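Below is one structure; the comments refer to it alone.
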Amino acid sequence: MARFPLFGSPERSRRIAEADSVAVIGLGRFGHALAVELMNSGTEVLGIDIDSDHVQSLNGELTQVVRADSTKREVLHQLAIDEFDRVVVCIGDNVSASILTCSVLLSMNIPIIWAKAVDDDHGLILEQLGVHKVIYPEKDMGRRVAHLVRGAALDFIEIAPGYAMVKAPVPSSIQQVPLGETGLRKMYGVTIAAFQHDEVWSNADNQTLLHAGDTILVVGKTRDAESFAQLL
C-alpha cells in the first residue's frame, strides 16, 4: 500500500469494521482520549495517524492502530474505512489535512462522519463539505468552564442552545420535602432528574426526599438551571 508501515493488517480492519466499531483519524490529545474512552466503553477502535509517536503511544491500547496518510483515498480504501459506519476525524494541527481527509471520506459514502474543528472558519468549511457533525472541543470546554466559574454549579452540560443540565448541591428549601410538593417547575422552571445520596445515584420522582449533602442533576433552561444551582 502506501509508504507508511502499518501495525495490523487490512484484513483485521475488515473484521472489526463488521462489529460495533469506530475509526478515529488523528491521535493527538483529543483523538487519543476519544479512542481510549471508546475502547473502555466496549467499542472496537481503529486508530489512524501519520505521526509515528502518536501511533506508538497507543500500540496495544486499541483494537488496531496504524501509521498512514489519511488524505490518500487508496490508503483508506486498503484499511477498509468504507466498511465503517462511524468515523471521527480528530486532526487539529493541520487544517488542510483535516479538510482533505473529510472530503475523501465523504466521497467514499461513510454513513456518519464527525470532525473536530479548530475554529469557526475550519468548522464552516467542514459543514459546507457535508460533514455530519462538527465539534469544537476547545470552544465547548471554554463555554462550559465559564458557566462553572461564575456560579455554584458543580458541573454543567449544555444539552442544546439555551437548555442545560446542571450538577449542584441540594438547596435547604427543598430538603426533607417530597419533590412533588416543592413546586419546582412552577416556581423555578426546572426539573430534578436524578440525585446522589451516600455516593449512589438514583432517578428522582415525586416521592423523592433529598437530604443535606446530597447532589442533584437539575434540567431546564440554562438561566433557570444556573439560578437554581445558586440557591442555598
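Ordered as shown in the C-alpha cells, chains take letters A, B, and onward, while each chain numbers its residues from 1 and ligands are numbered from 1 in the order shown.
Every protein, DNA or RNA residue with an atom at most 9 Å from Val87 in chain A, where only C-alpha atoms count and chain neighbours fewer than 6 positions away do not, is listed here: A:Val22, A:Ala23, A:Val24, A:Ile25, A:Ile81, A:Leu105, A:Ile110, A:Pro111, A:Ile112, A:Ile113, A:Trp114, A:Ala115.
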Would you mind exporting the chosen residues as a tab-separated table (two decimals), in the first residue's frame, restricted to all heavy atoms?
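So the final result, stored in again.tsv, reads:
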```
chain	number	residue	atom	x	y	z
A	22	VAL	N	-15.49	1.98	15.61
A	22	VAL	CA	-15.32	3.36	15.15
A	22	VAL	C	-13.88	3.54	14.70
A	22	VAL	O	-12.95	3.05	15.34
A	22	VAL	CB	-15.64	4.36	16.29
A	22	VAL	CG1	-15.38	5.79	15.83
A	22	VAL	CG2	-17.08	4.21	16.75
A	23	ALA	N	-13.70	4.26	13.60
A	23	ALA	CA	-12.35	4.64	13.16
A	23	ALA	C	-12.08	6.06	13.63
A	23	ALA	O	-12.91	6.97	13.42
A	23	ALA	CB	-12.25	4.56	11.64
A	24	VAL	N	-10.96	6.26	14.30
A	24	VAL	CA	-10.56	7.58	14.79
A	24	VAL	C	-9.31	7.99	14.03
A	24	VAL	O	-8.27	7.32	14.10
A	24	VAL	CB	-10.28	7.55	16.31
A	24	VAL	CG1	-9.80	8.94	16.78
A	24	VAL	CG2	-11.53	7.14	17.08
A	25	ILE	N	-9.40	9.09	13.29
A	25	ILE	CA	-8.29	9.58	12.48
A	25	ILE	C	-7.73	10.83	13.13
A	25	ILE	O	-8.42	11.83	13.29
A	25	ILE	CB	-8.75	9.89	11.05
A	25	ILE	CG1	-9.33	8.63	10.39
A	25	ILE	CG2	-7.59	10.42	10.22
A	25	ILE	CD1	-9.89	8.86	9.00
A	81	ILE	N	-11.84	1.49	5.34
A	81	ILE	CA	-12.55	2.55	6.06
A	81	ILE	C	-13.99	2.69	5.56
A	81	ILE	O	-14.87	3.13	6.30
A	81	ILE	CB	-11.78	3.88	5.90
A	81	ILE	CG1	-12.11	4.82	7.07
A	81	ILE	CG2	-12.08	4.55	4.57
A	81	ILE	CD1	-11.41	4.51	8.34
A	105	LEU	N	-13.39	10.94	2.74
A	105	LEU	CA	-14.34	10.08	3.44
A	105	LEU	C	-15.75	10.27	2.89
A	105	LEU	O	-16.50	9.31	2.69
A	105	LEU	CB	-14.32	10.39	4.93
A	105	LEU	CG	-13.07	9.97	5.70
A	105	LEU	CD1	-13.10	10.55	7.11
A	105	LEU	CD2	-12.93	8.46	5.76
A	110	ILE	N	-19.19	7.27	3.60
A	110	ILE	CA	-19.24	6.84	5.00
A	110	ILE	C	-20.55	7.35	5.61
A	110	ILE	O	-20.87	8.53	5.51
A	110	ILE	CB	-18.05	7.41	5.80
A	110	ILE	CG1	-16.72	7.05	5.11
A	110	ILE	CG2	-18.07	6.89	7.22
A	110	ILE	CD1	-16.43	5.59	5.01
A	111	PRO	N	-21.35	6.50	6.26
A	111	PRO	CA	-22.67	6.92	6.74
A	111	PRO	C	-22.63	8.06	7.75
A	111	PRO	O	-23.46	8.96	7.72
A	111	PRO	CB	-23.23	5.64	7.38
A	111	PRO	CG	-22.52	4.53	6.69
A	111	PRO	CD	-21.13	5.05	6.43
A	112	ILE	N	-21.69	8.01	8.70
A	112	ILE	CA	-21.62	9.03	9.75
A	112	ILE	C	-20.18	9.50	9.92
A	112	ILE	O	-19.30	8.70	10.23
A	112	ILE	CB	-22.14	8.50	11.10
A	112	ILE	CG1	-23.59	8.02	10.96
A	112	ILE	CG2	-22.02	9.57	12.19
A	112	ILE	CD1	-24.14	7.37	12.21
A	113	ILE	N	-19.95	10.78	9.70
A	113	ILE	CA	-18.62	11.36	9.86
A	113	ILE	C	-18.70	12.51	10.85
A	113	ILE	O	-19.48	13.46	10.67
A	113	ILE	CB	-18.05	11.88	8.53
A	113	ILE	CG1	-17.97	10.75	7.50
A	113	ILE	CG2	-16.68	12.53	8.73
A	113	ILE	CD1	-17.63	11.23	6.10
A	114	TRP	N	-17.91	12.41	11.92
A	114	TRP	CA	-17.74	13.51	12.86
A	114	TRP	C	-16.35	14.10	12.60
A	114	TRP	O	-15.42	13.37	12.24
A	114	TRP	CB	-17.82	13.02	14.30
A	114	TRP	CG	-19.18	12.62	14.77
A	114	TRP	CD1	-20.08	11.80	14.14
A	114	TRP	CD2	-19.81	13.00	16.00
A	114	TRP	NE1	-21.20	11.65	14.88
A	114	TRP	CE2	-21.08	12.37	16.04
A	114	TRP	CE3	-19.42	13.80	17.06
A	114	TRP	CZ2	-21.96	12.52	17.10
A	114	TRP	CZ3	-20.29	13.97	18.12
A	114	TRP	CH2	-21.55	13.33	18.14
A	115	ALA	N	-16.20	15.39	12.83
A	115	ALA	CA	-14.89	16.01	12.63
A	115	ALA	C	-14.67	17.14	13.62
A	115	ALA	O	-15.59	17.90	13.94
A	115	ALA	CB	-14.75	16.54	11.21
```
Any idea what's packed within 10 Å of Asp224 in chain A, counting only C-alpha atoms, ignoring anything in its chain fewer than 5 positions away? Could you give it as a PyMOL selection string?
chain A and resi 162-164+188-190+218-219+229
Identify, with DSSP run on backbone atoms, the residues in range 33-90 of chain A assigned to alpha helix (DSSP H), and express the list as a list in words.
Ala33, Leu34, Ala35, Val36, Glu37, Leu38, Met39, Asn40, Ser52, Asp53, His54, Val55, Gln56, Ser57, Leu58, Arg73, Glu74, Val75, Leu76, His77 and Gln78 of chain A
Strand (DSSP E) positions in range 8-226 of chain A, given as a count of residues only
59
Pick out the residues sitting within 8 Å of range 144-151 of chain A, and hand them over as a list in words; count only C-alpha atoms, and ignore anything fewer than 6 positions along from it in its own chain.
Ile157, Glu158, Glu226, Ala229 and Gln230 of chain A
Could the residues in this selection be saved with N, CA, C and O atoms as a CSV table (one decimal), in the first residue's frame?
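Once everything was written out, this is part.csv:
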```
chain,number,residue,atom,x,y,z
A,157,ILE,N,-23.6,20.9,31.7
A,157,ILE,CA,-23.6,20.4,30.3
A,157,ILE,C,-24.7,21.1,29.6
A,157,ILE,O,-25.9,21.0,30.0
A,158,GLU,N,-24.4,21.8,28.5
A,158,GLU,CA,-25.4,22.4,27.7
A,158,GLU,C,-25.9,21.4,26.7
A,158,GLU,O,-25.2,20.9,25.8
A,226,GLU,N,-29.1,27.4,36.1
A,226,GLU,CA,-28.0,28.0,36.8
A,226,GLU,C,-28.4,28.8,38.0
A,226,GLU,O,-27.8,28.8,39.1
A,229,ALA,N,-29.2,26.5,40.8
A,229,ALA,CA,-28.0,25.9,41.4
A,229,ALA,C,-27.3,26.8,42.4
A,229,ALA,O,-26.5,26.4,43.2
A,230,GLN,N,-27.7,28.1,42.4
A,230,GLN,CA,-27.0,29.0,43.3
A,230,GLN,C,-27.8,29.2,44.6
A,230,GLN,O,-27.4,30.0,45.5
```
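Every protein, DNA or RNA residue with an atom at most 8 Å from His197 in chain A, where only C-alpha atoms count and chain neighbours fewer than 3 positions away do not, is listed here: A:Val200, A:Trp201, A:His211, A:Gly213, A:Asp214, A:Thr215.
Atom pair CA of Arg143 in chain A / CA of Gly220 in chain A: separated by 17.4 Å.
Counting from CA of Arg29 in chain A, the distance to CA of Ile135 in chain A is 14.8 Å.
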Excluding Gln56 in chain A and any residue of its chain fewer than 4 positions from it, enumerate the residues within 12 Å of it, using only C-alpha atoms, and give them as a short mmCIF file (atom, residue, chain, number, x, y, z; two decimals) with all heavy atoms, in the first residue's frame.
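around-v2.cif was written with the following content:
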```cif
data_model
loop_
_atom_site.label_atom_id
_atom_site.label_comp_id
_atom_site.auth_asym_id
_atom_site.auth_seq_id
_atom_site.Cartn_x
_atom_site.Cartn_y
_atom_site.Cartn_z
N PRO A 5 4.33 2.31 7.20
CA PRO A 5 4.16 0.97 7.76
C PRO A 5 2.92 0.90 8.61
O PRO A 5 2.51 1.87 9.24
CB PRO A 5 5.42 0.77 8.60
CG PRO A 5 5.85 2.15 8.99
CD PRO A 5 5.48 3.02 7.82
N LEU A 6 2.31 -0.28 8.68
CA LEU A 6 1.09 -0.48 9.44
C LEU A 6 1.35 -1.41 10.61
O LEU A 6 2.17 -2.31 10.54
CB LEU A 6 0.00 -1.11 8.55
CG LEU A 6 -0.38 -0.36 7.29
CD1 LEU A 6 -1.50 -1.13 6.59
CD2 LEU A 6 -0.85 1.05 7.61
N PHE A 7 0.62 -1.17 11.72
CA PHE A 7 0.57 -2.12 12.82
C PHE A 7 -0.76 -2.84 12.69
O PHE A 7 -1.80 -2.32 13.04
CB PHE A 7 0.66 -1.40 14.18
CG PHE A 7 1.99 -0.74 14.43
CD1 PHE A 7 2.19 0.57 14.07
CD2 PHE A 7 3.02 -1.46 15.00
CE1 PHE A 7 3.42 1.18 14.30
CE2 PHE A 7 4.24 -0.85 15.24
CZ PHE A 7 4.44 0.46 14.89
N LEU A 27 -4.57 11.12 16.22
CA LEU A 27 -4.43 10.58 17.58
C LEU A 27 -3.64 11.51 18.48
O LEU A 27 -2.84 11.07 19.31
CB LEU A 27 -3.79 9.19 17.52
CG LEU A 27 -4.56 8.16 16.69
CD1 LEU A 27 -3.76 6.87 16.57
CD2 LEU A 27 -5.94 7.89 17.29
N GLY A 28 -3.85 12.83 18.31
CA GLY A 28 -3.28 13.79 19.24
C GLY A 28 -4.02 13.70 20.57
O GLY A 28 -4.66 12.70 20.87
N HIS A 32 -6.60 10.83 20.98
CA HIS A 32 -6.10 9.81 21.90
C HIS A 32 -7.14 9.54 22.99
O HIS A 32 -7.50 8.39 23.25
CB HIS A 32 -4.78 10.30 22.51
CG HIS A 32 -4.12 9.31 23.43
ND1 HIS A 32 -2.87 8.79 23.19
CD2 HIS A 32 -4.54 8.74 24.59
CE1 HIS A 32 -2.55 7.95 24.17
NE2 HIS A 32 -3.53 7.91 25.02
N GLY A 47 -7.41 3.14 15.08
CA GLY A 47 -6.79 4.45 15.18
C GLY A 47 -5.83 4.68 14.03
O GLY A 47 -5.06 3.78 13.68
N ILE A 48 -5.86 5.86 13.43
CA ILE A 48 -5.01 6.20 12.29
C ILE A 48 -4.33 7.54 12.54
O ILE A 48 -4.99 8.50 12.94
CB ILE A 48 -5.83 6.28 10.98
CG1 ILE A 48 -6.56 4.97 10.71
CG2 ILE A 48 -4.93 6.65 9.81
CD1 ILE A 48 -7.56 5.06 9.55
N ASP A 49 -3.03 7.60 12.32
CA ASP A 49 -2.30 8.87 12.43
C ASP A 49 -1.04 8.79 11.59
O ASP A 49 -0.48 7.70 11.39
CB ASP A 49 -1.94 9.16 13.89
CG ASP A 49 -1.65 10.63 14.12
OD1 ASP A 49 -0.62 11.14 13.62
OD2 ASP A 49 -2.45 11.29 14.80
N ILE A 50 -0.60 9.94 11.09
CA ILE A 50 0.61 9.98 10.28
C ILE A 50 1.87 10.09 11.14
O ILE A 50 2.98 9.86 10.68
CB ILE A 50 0.55 11.15 9.27
CG1 ILE A 50 1.55 10.96 8.14
CG2 ILE A 50 0.74 12.49 9.98
CD1 ILE A 50 1.35 11.94 6.99
N ASP A 51 1.67 10.45 12.42
CA ASP A 51 2.78 10.63 13.36
C ASP A 51 3.10 9.31 14.05
O ASP A 51 2.25 8.75 14.75
CB ASP A 51 2.41 11.70 14.38
CG ASP A 51 3.58 12.10 15.27
OD1 ASP A 51 4.24 11.22 15.82
OD2 ASP A 51 3.82 13.32 15.41
N SER A 52 4.32 8.83 13.89
CA SER A 52 4.69 7.54 14.46
C SER A 52 4.66 7.55 15.98
O SER A 52 4.36 6.54 16.62
CB SER A 52 6.08 7.12 13.97
OG SER A 52 7.05 8.08 14.34
N GLY A 60 -1.19 -1.39 21.11
CA GLY A 60 -1.62 -2.33 22.15
C GLY A 60 -2.79 -1.83 22.97
O GLY A 60 -3.39 -2.60 23.72
N GLU A 61 -3.13 -0.54 22.83
CA GLU A 61 -4.24 0.03 23.59
C GLU A 61 -5.55 -0.01 22.82
O GLU A 61 -6.63 -0.03 23.43
CB GLU A 61 -3.93 1.49 23.95
CG GLU A 61 -2.71 1.68 24.83
CD GLU A 61 -2.89 1.08 26.20
OE1 GLU A 61 -4.01 1.17 26.75
OE2 GLU A 61 -1.93 0.50 26.74
N LEU A 62 -5.46 0.00 21.48
CA LEU A 62 -6.66 -0.02 20.65
C LEU A 62 -6.77 -1.36 19.94
O LEU A 62 -5.82 -2.14 19.92
CB LEU A 62 -6.60 1.10 19.61
CG LEU A 62 -6.36 2.52 20.14
CD1 LEU A 62 -6.37 3.52 18.98
CD2 LEU A 62 -7.38 2.90 21.20
N GLN A 64 -6.82 -1.82 16.81
CA GLN A 64 -5.78 -1.74 15.79
C GLN A 64 -5.37 -0.28 15.67
O GLN A 64 -6.20 0.63 15.75
CB GLN A 64 -6.27 -2.23 14.43
CG GLN A 64 -5.18 -2.21 13.34
CD GLN A 64 -5.74 -2.56 11.99
OE1 GLN A 64 -6.93 -2.80 11.86
NE2 GLN A 64 -4.90 -2.59 10.98
N VAL A 65 -4.08 -0.03 15.50
CA VAL A 65 -3.59 1.33 15.29
C VAL A 65 -2.58 1.30 14.15
O VAL A 65 -1.72 0.42 14.09
CB VAL A 65 -2.98 1.92 16.58
CG1 VAL A 65 -1.82 1.09 17.10
CG2 VAL A 65 -2.55 3.37 16.37
N VAL A 66 -2.71 2.25 13.22
CA VAL A 66 -1.83 2.24 12.05
C VAL A 66 -1.25 3.63 11.81
O VAL A 66 -1.87 4.65 12.13
CB VAL A 66 -2.59 1.79 10.78
CG1 VAL A 66 -3.20 0.42 10.96
CG2 VAL A 66 -3.65 2.81 10.38
N ARG A 67 -0.08 3.63 11.24
CA ARG A 67 0.53 4.88 10.77
C ARG A 67 0.25 4.98 9.28
O ARG A 67 0.69 4.13 8.49
CB ARG A 67 2.03 4.87 11.03
CG ARG A 67 2.70 6.17 10.59
CD ARG A 67 4.21 6.12 10.85
NE ARG A 67 4.83 7.37 10.41
CZ ARG A 67 5.94 7.44 9.70
NH1 ARG A 67 6.56 6.33 9.34
NH2 ARG A 67 6.45 8.62 9.37
#
```
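Here CA of Cys90 in chain A and CA of Phe30 in chain A stand 6.8 Å from one another.
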Residue nearest Asp140 in chain A - candidates A:Ala160, A:Leu100, A:Val75, A:Leu124, atoms counted: only C-alpha atoms:
A:Ala160
So that I can check the surroundings of Gln207 in chain A, please list as a PyMOL selection string every protein, DNA and RNA residue that reaches within 9 Å of it, counting only C-alpha atoms and ignoring chain neighbours fewer than 4 positions away.
chain A and resi 177-181
